[in-house]
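Inspection log for the structure reproduced underneath, given as structure tokens.
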Amino acid sequence: MKASRLKHVVVVGGGLAGLAAAESLVRHASVTVIEPSGRLGGMVATVRCGGWLVERSADSFLAARPEGIAMVERMGLSSELVGVNPRVRRALIYHAGRTIPVPAGFRLMAPGQVRSIVSTSMLSPLAKLRILAERFVPARHAASHEYDDETLEHFAVRRLGRQAFERLVQPLVAGIWTADPARLSMAAACPEFLEMERHCGSLWAGERSRLRGTKGDQQATGARYGQFVTLASGMETLPIRLGKHLDQAGVSRITASATHLARRMDGGWDVSIEPPEALTRSHGSGGQVCQADGVVLAVSATAAATLLTTVDKPLADALAGIEYAGSAIVSLGFARSDVAHPLDAAGMVVPRGEHRRILAVSFLSEKFPGRAPPGFVLLRVFVGGALDPEASQLDDAQLTSMVMRELADMLGVRGDPRLVQIDRWSRAMPQYHVGHRQRIARIHERLLTIRGLALAGAAYEGVGIPQVIASGQAAAASLGCGERGE
Ligand SMILES: Cc1cc2nc3c(=O)[nH]c(=O)nc-3n(C[C@H](O)[C@H](O)[C@H](O)COP(=O)(O)OP(=O)(O)OC[C@H]3O[C@@H](n4cnc5c(N)ncnc54)[C@H](O)[C@@H]3O)c2cc1C
């Protein structure tokens, strides 16, 4: 479809995916963003109080992919970019009552240094040998077709052995995906490591070849901390600045929920909207219809499925099949003297085998400056996820006391927290289960048959902020407006 034929596009959802779509679209068409919350940014939200800076969800993003950094630059925020403090670019694993550094050079599931594997105290001699022998494990080539998939657990056990999976890979992955590794798709979640096996024969060889092509950061462990950045004044600065940019560019905003989508006879769209409950109560207003030539649904796959039920049932069914997991972040501020642990890392992850409820703790004030007042520390504790859905349902008092008990054991935390903030993210994280890529291919096929409709967001091709921005740009491009990867 030619850009000139789309006069007005409605973007449903004012998270980063929707805002990225609007930014691309507004150069070619008039744009309306529909968002019920009265604020922009969706999950990305920052709270500042009394010298503390608390991120309610994302605390940083990957700089290695260009879309996040490029958007920061376009919004004039380059001077705000801050990398992870070089002194703490490593992760700890809680094992048998101690916090132990992830072996130097070990990146999620790719080992990088023989010496660090041999010397770690978290693995048995047999498990170390098994990791060292990974280079001799035959590669499993995508046999019959493009989408040959396997679970992350199967891949990691096959290549590195069971103990390395349980003590190293599982906790590192849980900290990122809050997923069940026995269901998580390698092809959708970690294609980079599959490619290493396919192209280099082993993870050892793949990592060595990657390191030859990169400079520095070869000691960094766990989650590639050297490649993550944040904004000095908090992550929410990005959607706030983007919102101002869109206002100046003439994008309209409606504070409402989209409730229904319908094709008109002339090929355009009717988007039914309802004001949020509070507004309906105060003004007594009912639903309205917003007309458009094109629609971008930048909401969860579940919400998109509901909106599309009467438009295209197979598409709605494919979307409804994408599962979500919830989690909670308990942000706790302490006097530095109340925490015995040196906090000499970016954070700590906890293997399931340790039988704790904490999945991971990010030492936020050690990673980035300005997150806690001088003399204090800010810890972000993750609980819940696909394997412990009940944890994030505990009430505030139960959650705080459970977390405090475990932190006392694991990090020697004493005394009362000076700051407590609990953020529950119910059904927020899409789960890329085995078969996810086939599902996405089916979704794309259906979309090709529906003129003027696009999808964007974390549900499809990456949950990280750069990927989500890329999805918004790709949605605009698929409507004939803008280009991918701007
Ligand atoms: C706890 C947590 C920690 C994370 N940490 C990181 C991190 O450190 N780094 C990183 O890169 N990523 C992180 N992520 C992932 C990242 O934050 C998200 O994937 C991304 O922000 C999702 O953006 P989105 O626009 O797709 O969705 P959202 O931000 O969810 O936006 C969707 C918007 O749609 C609106 N909406 C919903 N229904 C309707 C409707 N019917 N009509 C109109 N509007 C509607 C919602 O109100 C919302 O504003 C984290 C996620 C979570 C949950």
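In the structure tokens, chains take letters A, B, ... by order of appearance, with residues numbered from 1 within each chain and ligands from 1 in the order shown.
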
Practice task
Name the residues, by chain letter and number, that sit within 7 Å of ligand 1 using only C-alpha atoms and all ligand atoms, and give them as a PyMOL selection string.
Solution key: chain A and resi 12-18+34-37+40-44+57-62+256-259+298-300+303+327-329+425+428-429+456-458+463-466+468

Could you write out that same residue set with N, CA and C atoms as a short mmCIF file (atom, residue, chain, number, x, y, z; two decimals), in the first residue's frame?
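The result, stored in again.cif:
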```cif
data_model
loop_
_atom_site.label_atom_id
_atom_site.label_comp_id
_atom_site.auth_asym_id
_atom_site.auth_seq_id
_atom_site.Cartn_x
_atom_site.Cartn_y
_atom_site.Cartn_z
N VAL A 12 -3.24 1.80 18.70
CA VAL A 12 -3.88 1.40 19.96
C VAL A 12 -2.78 0.97 20.92
N GLY A 13 -2.57 1.74 21.99
CA GLY A 13 -1.54 1.42 22.98
C GLY A 13 -0.42 2.44 22.95
N GLY A 14 -0.18 3.08 24.09
CA GLY A 14 0.85 4.12 24.18
C GLY A 14 2.09 3.67 24.92
N GLY A 15 2.45 2.37 24.80
CA GLY A 15 3.74 1.91 25.30
C GLY A 15 4.81 2.24 24.26
N LEU A 16 6.04 1.77 24.48
CA LEU A 16 7.11 2.14 23.56
C LEU A 16 6.86 1.64 22.14
N ALA A 17 6.20 0.48 22.01
CA ALA A 17 5.92 -0.05 20.66
C ALA A 17 4.98 0.90 19.93
N GLY A 18 3.91 1.32 20.59
CA GLY A 18 2.93 2.21 19.97
C GLY A 18 3.54 3.57 19.65
N ILE A 34 -4.36 5.87 21.00
CA ILE A 34 -5.40 5.59 22.00
C ILE A 34 -4.75 4.86 23.17
N GLU A 35 -4.83 5.43 24.34
CA GLU A 35 -4.16 4.86 25.52
C GLU A 35 -5.03 5.18 26.75
N PRO A 36 -5.41 4.14 27.51
CA PRO A 36 -6.35 4.39 28.61
C PRO A 36 -5.75 4.99 29.87
N SER A 37 -4.43 4.86 30.05
CA SER A 37 -3.89 5.15 31.38
C SER A 37 -3.68 6.63 31.66
N LEU A 40 2.05 8.02 29.02
CA LEU A 40 2.67 7.24 27.95
C LEU A 40 3.83 6.42 28.51
N GLY A 41 4.17 5.34 27.81
CA GLY A 41 5.31 4.54 28.24
C GLY A 41 4.94 3.12 28.62
N GLY A 42 3.63 2.86 28.86
CA GLY A 42 3.21 1.49 29.23
C GLY A 42 3.98 1.00 30.43
N MET A 43 4.66 -0.14 30.25
CA MET A 43 5.38 -0.73 31.39
C MET A 43 6.54 0.14 31.86
N VAL A 44 7.09 0.94 30.97
CA VAL A 44 8.29 1.72 31.34
C VAL A 44 7.86 2.90 32.21
N SER A 57 9.70 -1.12 36.00
CA SER A 57 9.94 -2.37 35.23
C SER A 57 11.36 -2.31 34.67
N ALA A 58 11.52 -1.97 33.38
CA ALA A 58 12.86 -1.99 32.78
C ALA A 58 13.77 -0.99 33.48
N ASP A 59 15.01 -1.41 33.79
CA ASP A 59 15.97 -0.48 34.40
C ASP A 59 17.06 -0.08 33.42
N SER A 60 17.11 -0.73 32.24
CA SER A 60 18.17 -0.45 31.28
C SER A 60 17.79 -1.13 29.97
N PHE A 61 18.59 -0.94 28.95
CA PHE A 61 18.32 -1.66 27.70
C PHE A 61 19.62 -1.95 26.97
N LEU A 62 19.52 -2.88 26.05
CA LEU A 62 20.69 -3.36 25.32
C LEU A 62 21.09 -2.32 24.27
N ALA A 256 -8.50 6.57 26.38
CA ALA A 256 -9.61 5.61 26.29
C ALA A 256 -9.03 4.23 26.02
N SER A 257 -9.89 3.21 26.19
CA SER A 257 -9.53 1.84 25.81
C SER A 257 -10.19 1.52 24.48
N ALA A 258 -9.46 0.86 23.60
CA ALA A 258 -10.12 0.34 22.39
C ALA A 258 -10.86 -0.92 22.81
N THR A 259 -12.12 -1.01 22.42
CA THR A 259 -12.91 -2.17 22.86
C THR A 259 -13.29 -3.09 21.72
N ALA A 298 -0.79 -2.01 19.24
CA ALA A 298 0.46 -2.10 20.01
C ALA A 298 0.10 -2.43 21.47
N VAL A 299 -0.64 -3.50 21.62
CA VAL A 299 -1.08 -3.97 22.95
C VAL A 299 -0.61 -5.41 23.11
N SER A 300 -0.90 -6.05 24.23
CA SER A 300 -0.51 -7.45 24.39
C SER A 300 -1.22 -8.30 23.34
N ALA A 303 -4.81 -8.87 24.33
CA ALA A 303 -5.72 -7.75 24.05
C ALA A 303 -5.99 -7.65 22.55
N SER A 327 5.15 -11.29 37.16
CA SER A 327 6.23 -11.25 38.15
C SER A 327 5.99 -10.05 39.04
N ALA A 328 6.76 -9.95 40.08
CA ALA A 328 6.69 -8.75 40.92
C ALA A 328 8.11 -8.28 41.18
N ILE A 329 8.27 -6.96 41.27
CA ILE A 329 9.56 -6.40 41.65
C ILE A 329 9.37 -5.73 42.99
N TRP A 425 3.52 -7.14 38.06
CA TRP A 425 3.32 -7.16 36.61
C TRP A 425 2.61 -8.45 36.25
N ALA A 428 2.46 -9.95 32.20
CA ALA A 428 3.12 -8.88 31.44
C ALA A 428 4.17 -9.41 30.47
N MET A 429 4.75 -10.57 30.77
CA MET A 429 5.89 -11.02 29.98
C MET A 429 5.46 -12.14 29.02
N ALA A 456 2.19 -4.63 16.82
CA ALA A 456 3.52 -4.29 17.36
C ALA A 456 3.52 -4.62 18.84
N GLY A 457 4.74 -4.82 19.39
CA GLY A 457 4.84 -5.05 20.83
C GLY A 457 5.75 -6.22 21.16
N ALA A 458 5.82 -6.49 22.43
CA ALA A 458 6.77 -7.47 22.95
C ALA A 458 6.37 -8.92 22.65
N VAL A 463 11.38 -9.16 23.49
CA VAL A 463 10.73 -8.42 24.58
C VAL A 463 11.53 -7.21 25.02
N GLY A 464 12.80 -7.12 24.63
CA GLY A 464 13.64 -6.02 25.09
C GLY A 464 13.21 -4.71 24.43
N ILE A 465 13.60 -3.61 25.03
CA ILE A 465 13.15 -2.30 24.56
C ILE A 465 13.56 -2.03 23.10
N PRO A 466 14.80 -2.30 22.68
CA PRO A 466 15.12 -2.05 21.27
C PRO A 466 14.25 -2.88 20.33
N VAL A 468 11.24 -3.97 20.89
CA VAL A 468 9.87 -3.47 20.93
C VAL A 468 9.75 -2.19 20.07
#
```

Practice task
Mind listing the strand (DSSP E) residues of segment 31-100 of chain A, per DSSP on the backbone, as a ChimeraX atom specification?
Solution key: /A:31-34,46-49,52-55,61-62,81-83,91-95,98-100

Expected file contents, prior selection, N, CA and C atoms, as an mmCIF file, in the first residue's frame:
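Final file, result25.cif:
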```cif
data_model
loop_
_atom_site.group_PDB
_atom_site.id
_atom_site.type_symbol
_atom_site.label_atom_id
_atom_site.label_comp_id
_atom_site.auth_asym_id
_atom_site.auth_seq_id
_atom_site.Cartn_x
_atom_site.Cartn_y
_atom_site.Cartn_z
ATOM 1 N N VAL A 31 -2.076 10.887 12.753
ATOM 2 C CA VAL A 31 -2.011 9.747 13.685
ATOM 3 C C VAL A 31 -2.757 10.077 14.974
ATOM 4 N N THR A 32 -3.504 9.087 15.488
ATOM 5 C CA THR A 32 -4.137 9.208 16.806
ATOM 6 C C THR A 32 -3.672 8.043 17.659
ATOM 7 N N VAL A 33 -3.199 8.333 18.860
ATOM 8 C CA VAL A 33 -2.803 7.267 19.795
ATOM 9 C C VAL A 33 -3.912 7.111 20.834
ATOM 10 N N ILE A 34 -4.363 5.873 21.001
ATOM 11 C CA ILE A 34 -5.402 5.592 22.004
ATOM 12 C C ILE A 34 -4.750 4.857 23.172
ATOM 13 N N THR A 46 9.072 5.335 35.879
ATOM 14 C CA THR A 46 10.093 5.656 36.879
ATOM 15 C C THR A 46 9.441 6.423 38.023
ATOM 16 N N VAL A 47 9.822 6.090 39.245
ATOM 17 C CA VAL A 47 9.309 6.829 40.410
ATOM 18 C C VAL A 47 10.506 7.476 41.097
ATOM 19 N N ARG A 48 10.397 8.779 41.393
ATOM 20 C CA ARG A 48 11.485 9.467 42.107
ATOM 21 C C ARG A 48 10.930 9.989 43.411
ATOM 22 N N CYS A 49 11.631 9.715 44.507
ATOM 23 C CA CYS A 49 11.204 10.308 45.780
ATOM 24 C C CYS A 49 12.382 10.350 46.753
ATOM 25 N N TRP A 52 15.709 8.814 45.988
ATOM 26 C CA TRP A 52 15.663 7.464 45.393
ATOM 27 C C TRP A 52 15.122 7.582 43.973
ATOM 28 N N LEU A 53 15.625 6.719 43.075
ATOM 29 C CA LEU A 53 15.055 6.635 41.729
ATOM 30 C C LEU A 53 14.744 5.153 41.483
ATOM 31 N N VAL A 54 13.458 4.860 41.427
ATOM 32 C CA VAL A 54 13.029 3.455 41.321
ATOM 33 C C VAL A 54 12.430 3.224 39.945
ATOM 34 N N GLU A 55 12.913 2.217 39.250
ATOM 35 C CA GLU A 55 12.322 1.833 37.968
ATOM 36 C C GLU A 55 11.257 0.777 38.250
ATOM 37 N N PHE A 61 18.586 -0.944 28.949
ATOM 38 C CA PHE A 61 18.320 -1.658 27.695
ATOM 39 C C PHE A 61 19.622 -1.948 26.969
ATOM 40 N N LEU A 62 19.520 -2.883 26.052
ATOM 41 C CA LEU A 62 20.695 -3.356 25.323
ATOM 42 C C LEU A 62 21.089 -2.323 24.270
ATOM 43 N N LEU A 81 22.687 9.144 28.501
ATOM 44 C CA LEU A 81 23.021 7.703 28.477
ATOM 45 C C LEU A 81 24.107 7.378 29.496
ATOM 46 N N VAL A 82 23.881 6.334 30.297
ATOM 47 C CA VAL A 82 24.871 5.892 31.285
ATOM 48 C C VAL A 82 25.034 4.381 31.156
ATOM 49 N N GLY A 83 26.287 3.927 31.109
ATOM 50 C CA GLY A 83 26.551 2.490 31.051
ATOM 51 C C GLY A 83 26.621 1.894 32.454
ATOM 52 N N ALA A 91 27.966 -11.032 37.303
ATOM 53 C CA ALA A 91 26.796 -11.494 38.039
ATOM 54 C C ALA A 91 27.228 -12.522 39.075
ATOM 55 N N LEU A 92 26.459 -12.614 40.152
ATOM 56 C CA LEU A 92 26.706 -13.623 41.179
ATOM 57 C C LEU A 92 25.601 -14.664 41.117
ATOM 58 N N ILE A 93 25.961 -15.869 41.525
ATOM 59 C CA ILE A 93 24.948 -16.925 41.633
ATOM 60 C C ILE A 93 24.928 -17.376 43.084
ATOM 61 N N TYR A 94 23.740 -17.525 43.627
ATOM 62 C CA TYR A 94 23.629 -18.006 45.001
ATOM 63 C C TYR A 94 23.704 -19.526 44.965
ATOM 64 N N HIS A 95 24.691 -20.075 45.658
ATOM 65 C CA HIS A 95 24.858 -21.535 45.629
ATOM 66 C C HIS A 95 25.328 -22.014 46.989
ATOM 67 N N ARG A 98 26.238 -19.423 49.616
ATOM 68 C CA ARG A 98 27.222 -18.373 49.287
ATOM 69 C C ARG A 98 26.879 -17.718 47.959
ATOM 70 N N THR A 99 27.380 -16.498 47.778
ATOM 71 C CA THR A 99 27.250 -15.895 46.448
ATOM 72 C C THR A 99 28.588 -16.089 45.734
ATOM 73 N N ILE A 100 28.500 -16.676 44.539
ATOM 74 C CA ILE A 100 29.712 -17.042 43.793
ATOM 75 C C ILE A 100 29.643 -16.363 42.423
#
```

Practice task
Pick out the residues sitting within 12 Å of Val157 of chain A, and hand them over as a ChimeraX atom specification; count only C-alpha atoms, and ignore anything fewer than 2 positions along from it in its own chain.
Solution key: /A:109,127,130-131,134,137,150-155,159-170,181-182

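Between atom CA of Leu297 of chain A and atom CA of Leu455 of chain A the separation is 4.9 Å.
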
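In this model, the gap between atom CA of Val251 of chain A and atom CA of Gly294 of chain A comes to 14.6 Å.
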
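Nearest residue to Asp180 of chain A, choosing from A:Gln393, A:Gln438, A:Gln431, A:Ser272 and counting only C-alpha atoms: A:Gln431.
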
Per DSSP on the backbone, filter segment 25-273 of chain A down to the residues in alpha helix (DSSP H) and report them as a PDB file with C-alpha atoms, in the first residue's frame.
```
ATOM      1  CA  LEU A  25       3.723   7.045  10.924  1.00  0.00           C
ATOM      2  CA  PRO A  66      20.627   0.073  17.310  1.00  0.00           C
ATOM      3  CA  GLU A  67      16.919   0.950  17.681  1.00  0.00           C
ATOM      4  CA  GLY A  68      16.944   2.015  21.359  1.00  0.00           C
ATOM      5  CA  ILE A  69      20.092   4.144  21.134  1.00  0.00           C
ATOM      6  CA  ALA A  70      18.967   5.684  17.835  1.00  0.00           C
ATOM      7  CA  MET A  71      15.667   6.737  19.380  1.00  0.00           C
ATOM      8  CA  VAL A  72      17.450   8.194  22.422  1.00  0.00           C
ATOM      9  CA  GLU A  73      19.632  10.204  20.028  1.00  0.00           C
ATOM     10  CA  ARG A  74      16.680  11.411  17.934  1.00  0.00           C
ATOM     11  CA  VAL A 114      38.739 -22.596  30.453  1.00  0.00           C
ATOM     12  CA  ARG A 115      40.498 -21.235  33.556  1.00  0.00           C
ATOM     13  CA  SER A 116      37.350 -19.770  35.072  1.00  0.00           C
ATOM     14  CA  ILE A 117      35.347 -22.965  34.496  1.00  0.00           C
ATOM     15  CA  VAL A 118      38.098 -25.107  36.057  1.00  0.00           C
ATOM     16  CA  SER A 119      38.426 -22.849  39.107  1.00  0.00           C
ATOM     17  CA  PRO A 125      34.659 -31.824  38.707  1.00  0.00           C
ATOM     18  CA  LEU A 126      32.480 -33.948  36.430  1.00  0.00           C
ATOM     19  CA  ALA A 127      30.267 -31.001  35.519  1.00  0.00           C
ATOM     20  CA  LYS A 128      33.372 -28.931  34.695  1.00  0.00           C
ATOM     21  CA  LEU A 129      34.683 -31.695  32.430  1.00  0.00           C
ATOM     22  CA  ARG A 130      31.312 -31.865  30.752  1.00  0.00           C
ATOM     23  CA  ILE A 131      31.415 -28.122  29.970  1.00  0.00           C
ATOM     24  CA  LEU A 132      34.987 -28.392  28.716  1.00  0.00           C
ATOM     25  CA  LEU A 152      16.159 -23.954  26.073  1.00  0.00           C
ATOM     26  CA  GLU A 153      16.535 -26.634  28.735  1.00  0.00           C
ATOM     27  CA  HIS A 154      17.015 -29.359  26.139  1.00  0.00           C
ATOM     28  CA  PHE A 155      19.608 -27.325  24.264  1.00  0.00           C
ATOM     29  CA  ALA A 156      21.586 -26.331  27.370  1.00  0.00           C
ATOM     30  CA  VAL A 157      21.588 -29.866  28.841  1.00  0.00           C
ATOM     31  CA  ARG A 158      22.525 -31.353  25.475  1.00  0.00           C
ATOM     32  CA  ARG A 159      25.459 -28.989  25.016  1.00  0.00           C
ATOM     33  CA  LEU A 160      26.685 -28.289  28.573  1.00  0.00           C
ATOM     34  CA  ARG A 162      22.577 -31.100  33.466  1.00  0.00           C
ATOM     35  CA  GLN A 163      24.491 -29.488  36.331  1.00  0.00           C
ATOM     36  CA  ALA A 164      25.681 -26.526  34.248  1.00  0.00           C
ATOM     37  CA  GLN A 170      18.612 -21.763  34.390  1.00  0.00           C
ATOM     38  CA  PRO A 171      19.050 -18.953  36.940  1.00  0.00           C
ATOM     39  CA  LEU A 172      20.587 -16.560  34.394  1.00  0.00           C
ATOM     40  CA  VAL A 173      17.754 -17.201  31.959  1.00  0.00           C
ATOM     41  CA  ALA A 174      15.052 -16.984  34.670  1.00  0.00           C
ATOM     42  CA  GLY A 175      16.369 -13.537  35.614  1.00  0.00           C
ATOM     43  CA  ILE A 176      15.744 -12.321  32.061  1.00  0.00           C
ATOM     44  CA  TRP A 177      12.752 -14.236  30.728  1.00  0.00           C
ATOM     45  CA  MET A 186      15.654 -21.606  21.664  1.00  0.00           C
ATOM     46  CA  ALA A 187      14.840 -20.400  18.160  1.00  0.00           C
ATOM     47  CA  ALA A 188      12.659 -17.537  19.430  1.00  0.00           C
ATOM     48  CA  ALA A 189      14.413 -16.579  22.672  1.00  0.00           C
ATOM     49  CA  PRO A 191      18.720 -17.666  18.360  1.00  0.00           C
ATOM     50  CA  GLU A 192      22.272 -16.342  18.761  1.00  0.00           C
ATOM     51  CA  PHE A 193      23.395 -19.509  20.573  1.00  0.00           C
ATOM     52  CA  LEU A 194      21.649 -21.792  18.090  1.00  0.00           C
ATOM     53  CA  GLU A 195      23.524 -19.976  15.328  1.00  0.00           C
ATOM     54  CA  MET A 196      26.797 -20.525  17.192  1.00  0.00           C
ATOM     55  CA  GLU A 197      26.151 -24.258  17.223  1.00  0.00           C
ATOM     56  CA  ARG A 198      25.105 -24.289  13.589  1.00  0.00           C
ATOM     57  CA  HIS A 199      27.885 -22.130  12.198  1.00  0.00           C
ATOM     58  CA  CYS A 200      30.821 -22.807  14.513  1.00  0.00           C
ATOM     59  CA  LEU A 203      29.362 -22.717  21.920  1.00  0.00           C
ATOM     60  CA  TRP A 204      33.076 -22.602  22.780  1.00  0.00           C
ATOM     61  CA  ALA A 205      34.003 -22.028  19.146  1.00  0.00           C
ATOM     62  CA  GLY A 206      31.128 -19.594  18.618  1.00  0.00           C
ATOM     63  CA  GLU A 207      32.052 -17.488  21.641  1.00  0.00           C
ATOM     64  CA  ARG A 208      35.726 -17.453  20.665  1.00  0.00           C
ATOM     65  CA  SER A 209      34.817 -16.251  17.199  1.00  0.00           C
ATOM     66  CA  ARG A 210      32.487 -13.574  18.655  1.00  0.00           C
ATOM     67  CA  LEU A 211      35.201 -12.332  21.012  1.00  0.00           C
ATOM     68  CA  ARG A 212      37.655 -12.065  18.133  1.00  0.00           C
ATOM     69  CA  THR A 237      12.349  10.013  30.340  1.00  0.00           C
ATOM     70  CA  LEU A 238      12.352   8.322  26.919  1.00  0.00           C
ATOM     71  CA  PRO A 239       8.558   7.911  26.482  1.00  0.00           C
ATOM     72  CA  ILE A 240       7.954  11.319  28.083  1.00  0.00           C
ATOM     73  CA  ARG A 241      10.289  13.007  25.583  1.00  0.00           C
ATOM     74  CA  LEU A 242       8.842  10.948  22.736  1.00  0.00           C
ATOM     75  CA  GLY A 243       5.332  12.001  23.791  1.00  0.00           C
ATOM     76  CA  LYS A 244       6.351  15.677  23.604  1.00  0.00           C
ATOM     77  CA  HIS A 245       7.896  15.089  20.182  1.00  0.00           C
ATOM     78  CA  LEU A 246       4.671  13.440  18.971  1.00  0.00           C
ATOM     79  CA  ASP A 247       2.546  16.294  20.395  1.00  0.00           C
ATOM     80  CA  GLN A 248       4.671  18.806  18.466  1.00  0.00           C
TER      81      GLN A 248
END
```

Handout entry: Selection: 7 Å around Leu379 of chain A, only C-alpha atoms, excl. self and same-chain fewer than 2 positions, as a ChimeraX atom specification
Key = /A:331-333,361-364,377,381

Exercise for the section: Compare A:Gly287, A:Pro314, A:Gly326, A:Gly321 by their minimum atom-to-atom distance to His433 of chain A, counting only C-alpha atoms, and give me the closest one. Expected result: A:Gly321

Problem - Contacts of Gln113 of chain A at 8 Å (only C-alpha atoms; same-chain gap of 5+ positions) as a list in words - result: Pro103, Ala104, Gly105 and Phe106 of chain A

Selected residues written out with N, CA and C atoms, as an mmCIF file, in the first residue's frame:
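Generated output (selection_25.cif):
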```cif
data_model
loop_
_atom_site.group_PDB
_atom_site.id
_atom_site.type_symbol
_atom_site.label_atom_id
_atom_site.label_comp_id
_atom_site.auth_asym_id
_atom_site.auth_seq_id
_atom_site.Cartn_x
_atom_site.Cartn_y
_atom_site.Cartn_z
ATOM 1 N N PRO A 103 31.369 -17.849 36.342
ATOM 2 C CA PRO A 103 32.735 -17.952 35.801
ATOM 3 C C PRO A 103 32.996 -16.871 34.751
ATOM 4 N N ALA A 104 34.151 -16.205 34.860
ATOM 5 C CA ALA A 104 34.468 -15.107 33.940
ATOM 6 C C ALA A 104 34.327 -15.592 32.500
ATOM 7 N N GLY A 105 33.746 -14.761 31.679
ATOM 8 C CA GLY A 105 33.594 -15.078 30.264
ATOM 9 C C GLY A 105 32.363 -15.911 29.939
ATOM 10 N N PHE A 106 31.642 -16.434 30.961
ATOM 11 C CA PHE A 106 30.457 -17.261 30.692
ATOM 12 C C PHE A 106 29.277 -16.330 30.418
#
```

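Using only C-alpha atoms, the nearest neighbour of Val350 of chain A within the list A:Glu406, A:Asp312, A:Arg5, A:Gly415 is A:Glu406.
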
Handout entry: Residue neighbourhood Leu315 of chain A, 10 Å, only C-alpha atoms, exclusion window fewer than 2 positions, as a list in words
Key = Ala304, Ala305, Leu308, Thr309, Val311, Asp312, Lys313, Asp317, Ala318, Leu319, Ala320, Arg439, Arg442, Ile443, His444, Glu445, Arg446 and Leu447 of chain A

Handout entry: 8 Å contact set for Ala345 of chain A, only C-alpha atoms, chain neighbours under 3 positions out, as a ChimeraX atom specification
Key = /A:87-92,348,363,366-367

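Using only C-alpha atoms for every distance, the candidate list A:Ala110, A:Ala63, A:Met235, A:Val349 yields A:Met235 as the residue closest to Ala45 of chain A.
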
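The interatomic distance for the pair atom CA of Gly480 of chain A and atom CA of Ala459 of chain A works out to 21.9 Å.
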